[in-house]
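So the structure is just underneath, and the comments pick up after that.
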Amino acid sequence: MTQNLPWLFLVLPLVAASVDWLVLARKPRVAAGVSIVSALVTLGLCIAYMGGLQTGAPSSYVWFPVQGFDLSLGLLMDDLSMKMMLVVTGIGTLVHIFSLGYMKGDSSNHSRYFAGLSIFMFSMSCIVLANSLILTFIGWEMVGFSSYLLIGHWYHKDSAADAAKKAFITNRVGDFGFLIGILLTLGLFGTLYYADMAGHMKVAAGSPVLTVAVLCLFCGAVGKSAQFPLHVWLPDAMEGPTPVSALIHAATMVAAGVYMLVRLQVSMGLDAFTDTACCVIASVGAITALLSALMATQQDDIKRVLAYSTLSQLGYMIMAVGLLAGEAAMFHLYTHAWFKALLFLAAGAIIVCCHHEQDIWKMGGLRKKMPITTLCFLAGTCALIAVPGFSGFFSKERILEAALERSVPLFVLGVIVAALTTFYMVRLCLVAFCGDTRTHEAEQAHEASPTMLVPLLILAMLAIISGCGFLADRLVPYAEFHTLGVEWGATFFAGLGALIVGGGLAWLLYGKTETLAGKADPLGANFVSRALRHRLYIDAFYDHVLVGGIQRWFACLISCLDDGIIRRLIGEGLASLTAWVGRLLGRIQGGSLRGYTVLASLGVLVLMLILILLF
Amino acid sequence: MTPLSHYLIFSALLFSIGLGGAIMRRNVLVVLMCLELMLTAANVSLVAFSRAQGLEGVPVYDAQVLALFVMAIAAAEVAVGLALIVAMFRARRGVESTSLTSLKD
């Protein structure tokens with residue numbers, strides 16, 4: 001019985017979500033309580049397992065037997081999954097608690113919101129603990145669904161409804177590739193269980209299809225982890241409530257792509273990732289990191305800056321996966337989860353306290369109004385821009401080292417992205433926190449409530465210390481992970497240089513008192529900045545060419561088929577033909593006795609003629 | 001002895017008159033009479049064939065038996081037909097065949 005305890009990770013949030021949705025729709029406070037308790041219990045369970053609780057392998061459930069291949073759903077409990085669960089449930093719990101404070105003044109249905117959070121926890125646990133690609137895929141689709149629900153939480157706003165739709169559809173594109181990848185893997189390896197893949201590697205190795213299979217699986221990661229060219233949904237997903245952005249669109253769900261790739265690397269072995277596949281994966285990661293860091297430098301919405309920064313950091317992780325440095329990717333995933341959740345939650349606190357003002361140029365001077373939040377945000381910023389000693393520093397160092405070892409161009413790109421990261425984060429902090437308050441909303445800002453501050457403080461602490469050797473060795477989701485000491489080598493100085501250059505540039509451009517007194521970006525007018533503000537016109541390209549061009553053209557074609565052939569020809573055509581024949585035949589049944597006689601005589605004549613002609 | 005063809009031509013003429021009457025006349029009573037005419041035409045040709053096929057003045061009786069059957073059936077038909085016509089006259093005060101279209105309307 002006890003060996004099935006891990007199933008609680010899935011069952012509890014699912015039960016919480018169902019109860020919230022079906023029973024407690026009118027009792028938001030109880031619903032929130034149920035969700036928080038479920039998150040707390042899973043976190044406790046997770047800590048217990050980390051602390052050495054042994055319950056044996058959980059039994060798996062045969063879903064349906066296929067000839068020669070039983071499809072069963074089971075849980076895989078190893079270092080990678082359990083430590084990842086700690087990140088998921090840890091941040092999940094803090095976000096649940098933070099949500100209490102964040103959603104207080106909101107008039108939407110809180111039961112629906114907490115049900116969404118719980119169903120997300122269920123689906124994410126599904127991905128993390130899955131023992132086969134099938135269960136991963138189920139969780140994969142479920143997180144997409146819960147993300148849709150939560151982005152569209154304020155569905156009465158058109159922008160939120162559109163963003164939810166965009167996220168879901170963009171993810172579908174990636175998921176389609178993922179599904180093909182899963183089928184190719186089944187064909188190549190003959191198994192979908194992670195535990196059996198290594199044993200079947202010999203059969204699959206050397207096949208050119210292997211590269212295709214890995215790249216198709218990577219497609220799934222491109223969608224879910226919002227890599228170029230499917231990155232467009234993530235910035236729009238910021239339409240959802242900020243705690244959701246912290247949990248789903250920064251810390252956990254978007255990292256699922258990285259987690260899945262590392263899980264594959266661990267179970268298939270590094271040989272499965274051929275040179276071509278690695279090259280593609282690393283390049284996509286690097287391109288995403290660079291483009292989104294560039295776009296982040298000219299965003300005015302505090303959440304959008306963070307969203308682009310998330311994209312850029314995910315690009316780093318994917319690049320590390322492509323460089324076959326899974327441990328560096330997971331290390332960065334782990335530190336990034338804490339400090340990006342912190343940044344988002346702090347941004348959420350700022351947004352609530354500024355009466356839902358998100359434009360940084362309408363804030364200013366917040367350091368005096370909300371000092372604790374400011375300090376937390378700064379801690380997150382320091383971790384993100386890799387100030388030596390903060391958690392992000394160690395993990396970014398690790399990725400840059402891996403890049404330097406295998407590909408110098410990627411290393412240079414990584415350093416440039418690091419400089420850009422520093423630039424946009426320093427810009428954000430200067431504009432939002434320094435100078436004087438610029439608007440009435442910022443004037444009225446006040447420190448956040450304790451339910452928001454406590455999670456912030458916990459996360460701030462983790463953002464600072466989670467990278468240090470003692471914690472990282474135990475908590476980074478990777479088997480046999482060991483931090484390396486800081487070496488005073490090229491990587492360290494390149495990182496430091498990037499920090500100084502980026503920070504200095506931002507200080508020069510935005511540090512001036514008269515700039516901080518203005519209400520718009522002084523660089524906003526030139527064409528580079530305009531292009532960056534318009535997201536390098538990628539979204540516009542999709543809107544006009546894919547949606548407006550190809551899709552509309554295709555829709556026209558389908559509509560012609562539907563209207564012309566199905567409706568006119570088959571539907572109405574067949575009906576009118578039947579009616580016409582009916583009218584024609586009806587005429588000879590008109591009740592005219594003489595007509596009948598004529599026809600009968602003619603019939604006899606014809607019969608006689610046939611008889612005479614034939615015999 | 002009158003050749004077979006004379007009888008047959010007479011029979012065909014009689015049948016044509018009957019058919020023409022059945023088609024052209026509107027009065028159901030006359031149509032019934034025309035039907036009788038056609039049956040009679042058939043009987044004439046049957047008896048003519050029976051004579052023509054016979055050997056040494058002995059006719060083939062099969063055809064004559066058939067003619068008797070036709071007469072019996074014609075009698076039955078007239079009995080039913082006349083009853084129907086009477087019923088029809090009672091119901092609609094007329095025996096015009098063109099007025100029998102109430103099912104269509």
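Chain identifiers are assigned as A, B, and so on, following the order in which chains appear in the structure tokens; residues are numbered from 1 within each chain, and ligands are numbered from 1 in order of appearance.
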
Looking only at strand (DSSP E or B) from DSSP on the backbone, list the matching residues of region 77-322 of chain A as a ChimeraX atom specification. /A:130,132,193,301

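Using only C-alpha atoms, the chain B residues found within 12 Å of chain A amount to Phe15, Ser16, Gly18, Leu19, Gly20, Gly21, Ala22, Ile23, Met24, Arg25, Arg26, Asn27, Val28, Val31, Leu35, Glu96, Ser97, Thr98, Ser99, Leu100, Thr101, Ser102, Leu103, Lys104 and Asp105 of chain B.
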
Please, what distance in Å, to one decimal, runs between CA of Val95 (chain A) and CA of Lys165 (chain A)? 23.8 Å

Could you pull the residues within 6 Å of region 214-228 of chain A, counting only C-alpha atoms, minus those fewer than 2 positions along the same chain, as a list in words? Asn171, Gly174, Asp175, Gly177, Phe178, Gly181, Thr211, Val212, Leu230, His231, Val254, Ala255, Gly257 and Thr288 of chain A

Quick one: write out the picked residues with N, CA and C atoms as an mmCIF file, in the first residue's frame?
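Heads up, here's the output in again39.cif:
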```
data_model
loop_
_atom_site.group_PDB
_atom_site.id
_atom_site.type_symbol
_atom_site.label_atom_id
_atom_site.label_comp_id
_atom_site.auth_asym_id
_atom_site.auth_seq_id
_atom_site.Cartn_x
_atom_site.Cartn_y
_atom_site.Cartn_z
ATOM 1 N N ASN A 171 1.173 26.119 -29.140
ATOM 2 C CA ASN A 171 1.650 24.888 -28.526
ATOM 3 C C ASN A 171 1.248 23.664 -29.318
ATOM 4 N N GLY A 174 3.854 22.743 -31.873
ATOM 5 C CA GLY A 174 4.975 21.992 -31.308
ATOM 6 C C GLY A 174 4.562 20.585 -30.916
ATOM 7 N N ASP A 175 3.375 20.456 -30.332
ATOM 8 C CA ASP A 175 2.922 19.150 -29.855
ATOM 9 C C ASP A 175 2.766 18.155 -30.992
ATOM 10 N N GLY A 177 4.676 17.957 -33.637
ATOM 11 C CA GLY A 177 6.013 17.414 -33.846
ATOM 12 C C GLY A 177 6.368 16.424 -32.756
ATOM 13 N N PHE A 178 5.999 16.773 -31.528
ATOM 14 C CA PHE A 178 6.307 15.913 -30.379
ATOM 15 C C PHE A 178 5.671 14.539 -30.561
ATOM 16 N N GLY A 181 7.467 12.603 -33.026
ATOM 17 C CA GLY A 181 8.709 12.153 -32.398
ATOM 18 C C GLY A 181 8.480 10.926 -31.528
ATOM 19 N N THR A 211 18.110 10.931 -35.633
ATOM 20 C CA THR A 211 18.230 12.390 -35.603
ATOM 21 C C THR A 211 16.870 13.036 -35.793
ATOM 22 N N VAL A 212 16.118 12.492 -36.770
ATOM 23 C CA VAL A 212 14.791 13.052 -37.034
ATOM 24 C C VAL A 212 13.906 12.908 -35.805
ATOM 25 N N LEU A 230 8.557 29.534 -32.266
ATOM 26 C CA LEU A 230 7.239 29.421 -31.634
ATOM 27 C C LEU A 230 7.196 30.210 -30.323
ATOM 28 N N HIS A 231 8.076 31.220 -30.196
ATOM 29 C CA HIS A 231 8.174 31.925 -28.915
ATOM 30 C C HIS A 231 7.054 32.930 -28.718
ATOM 31 N N VAL A 254 7.175 26.175 -18.610
ATOM 32 C CA VAL A 254 8.028 26.442 -19.767
ATOM 33 C C VAL A 254 9.365 25.725 -19.650
ATOM 34 N N ALA A 255 9.712 25.320 -18.402
ATOM 35 C CA ALA A 255 10.955 24.559 -18.245
ATOM 36 C C ALA A 255 10.745 23.094 -18.565
ATOM 37 N N GLY A 257 10.037 21.678 -21.272
ATOM 38 C CA GLY A 257 10.737 21.287 -22.491
ATOM 39 C C GLY A 257 12.176 20.900 -22.195
ATOM 40 N N THR A 288 17.127 32.100 -29.847
ATOM 41 C CA THR A 288 16.068 32.561 -28.952
ATOM 42 C C THR A 288 16.634 33.467 -27.878
#
```

Have a look at A:Ala286, A:Ala517, A:Ile458, A:Val87 and name the one nearest to Leu342 (chain A); count only C-alpha atoms.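 When distances to Leu342 (chain A) are compared using only C-alpha atoms, the smallest one comes from A:Ile458.
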
With only C-alpha atoms as the atoms that count, which of A:Gly144, A:Pro28, A:Gly414, A:Pro455 lies nearest to Ala246 (chain A)?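 Of A:Gly144, A:Pro28, A:Gly414, A:Pro455, the one nearest Ala246 (chain A) is A:Pro455, counting only C-alpha atoms.
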
All alpha helix (DSSP H) positions in chain B, as a PyMOL selection string: chain B and resi 4-24+28-53+61-92

Within 12 Å of Ala42 (chain B), counting only C-alpha atoms, which residues qualify if same-chain residues fewer than 3 places away don't, as a PyMOL selection string? chain B and resi 7-16+18+35-39+45-49+63-64+66-71+74

Using Å and a single decimal, report how far CA of Leu509 (chain A) sits from CA of Gly285 (chain A).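 Going from CA of Gly285 (chain A) over to CA of Leu509 (chain A), I get 28.9 Å.
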
Applying 12 Å and only C-alpha atoms, which residues near Val15 (chain A) remain after dropping the ones on its own chain fewer than 3 positions away? List them as a compact mmCIF listing (two decimals) with C-alpha atoms, in the first residue's frame.
```txt
# COMPACT_ATOMS: atom_id res chain seq x y z
CA LEU A 8 -0.67 11.16 -4.21
CA PHE A 9 1.40 13.68 -6.18
CA LEU A 10 -1.10 13.23 -8.99
CA VAL A 11 -4.27 12.34 -7.12
CA LEU A 12 -4.28 15.14 -4.55
CA SER A 18 -12.38 18.69 -9.10
CA VAL A 19 -13.69 19.64 -5.68
CA ASP A 20 -12.93 23.32 -6.30
CA TRP A 21 -14.62 23.28 -9.63
CA LEU A 22 -17.63 21.10 -9.03
CA VAL A 23 -18.47 21.52 -5.35
CA ALA A 31 -11.67 26.37 -2.52
CA VAL A 34 -8.36 23.07 -0.43
CA SER A 35 -5.88 23.95 -3.18
CA VAL A 37 -3.59 22.23 1.50
CA SER A 38 -3.13 19.94 -1.50
CA ALA A 39 -0.03 21.90 -2.57
CA ALA A 115 -9.00 24.90 -9.56
CA SER A 118 -4.47 22.67 -8.90
CA ILE A 119 -5.08 21.14 -12.28
CA MET A 121 -0.03 21.07 -10.40
CA PHE A 122 -1.55 17.75 -11.38
```

Any idea what's packed within 9 Å of region 395-410 of chain A, counting only C-alpha atoms, ignoring anything in its chain fewer than 5 positions away? Could you give it as a PyMOL selection string? chain A and resi 282-283+286+316-317+319-320+323-325+327-336+386+415+418+467+483-484+486+490-492+495
